[in-house]
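Q: What follows is a single structure, and I will ask about it in a moment.
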Amino acid sequence: MSVMNTAEATQTVTSRRLSRPRRGKYNSLFLRPGTAGSTPSSLQRGLRSERALKIALAEMYVQGVSTRKVAKITEKIWGFEVTFSEVNRASAELDEQLESWRSRALGAFPYVYLDARYEKVRHGGVDISCAVLVAVGVDSKGTREVLGVSVSLSEQEVHWRQFLNTLKDRGLHGVELFISDAHEGLKAGGEAIFPSVPWQRCQFHL
């Protein structure tokens, strides 16, 4: 879990609480625009604290922290526990944001760097090593952007072909050069989806 995210959430989480009079209703003075004491910054701080808490919960979930441990951590830091459904809801929101990023439309990128790294992934109750395929594009202004990421069982041609085809379907065009290591599966996948684009071996892999 990121210490920075935790600290930010801890500093601001109390700002979410509204004053409650004895009658049991929330004080609407806090919410009425233009009333003394009701500033937009107060509401913004509350929204930021909620986002920070959700980010912290989602990050703990992604890092593999169990729901029981998440509950203990939140109780110790913020003074309350979170339920399994709340952790699932936070992770679901993170999944939605990730899917939106992964499916976003692409444009013209003259230069595209392709590479893969291997990470341990829980699959079928067993930890296995999987290839994380990554594409980084460089636009005409020299700005780099991660175009896509895909977790595959290996770097075989079929996986690179599927990954590159997804990038093409999302609008990737104007590619003048692919740069990567000399993995045969990668080269074959690139030739299958972008047959007219030349390939150059990355200097760091020489």
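Residues are referred to by chain and number: the chain letter is A, B, ... according to the order shown in the structure tokens, the number counts from 1 in that chain, and ligands are numbered separately from 1 in the order shown.
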Could you pull out the helix (DSSP H, G or I) residues of stretch 35-202 of chain A from DSSP and send them as a PyMOL selection string?
A: chain A and resi 40-62+67-78+84-102+157-169+184-193
Q: When DSSP works through the backbone of this structure, what residues of stretch 39-202 of chain A end up as strand (DSSP E), shown as a PyMOL selection string?
A: chain A and resi 111-123+126-138+144-152+177-180+199-201
Q: At a cut-off of 10 Å, can you tabulate as CSV every residue of stretch 80-159 of chain A near stretch 194-200 of chain A together with its closest atom pair and the distance in Å to one decimal, using only C-alpha atoms and ordering rows by chain then number?
A:
residue,atom,partner,partner_atom,distance
A:Pro110,CA,A:Val197,CA,9.9
A:Val112,CA,A:Trp199,CA,9.8
A:Tyr113,CA,A:Gln200,CA,9.7
Q: Measuring atom to atom with only C-alpha atoms, identify which of A:Ile73, A:Phe178, A:Glu99, A:Leu94 is nearest to A:Ala135.
A: A:Phe178
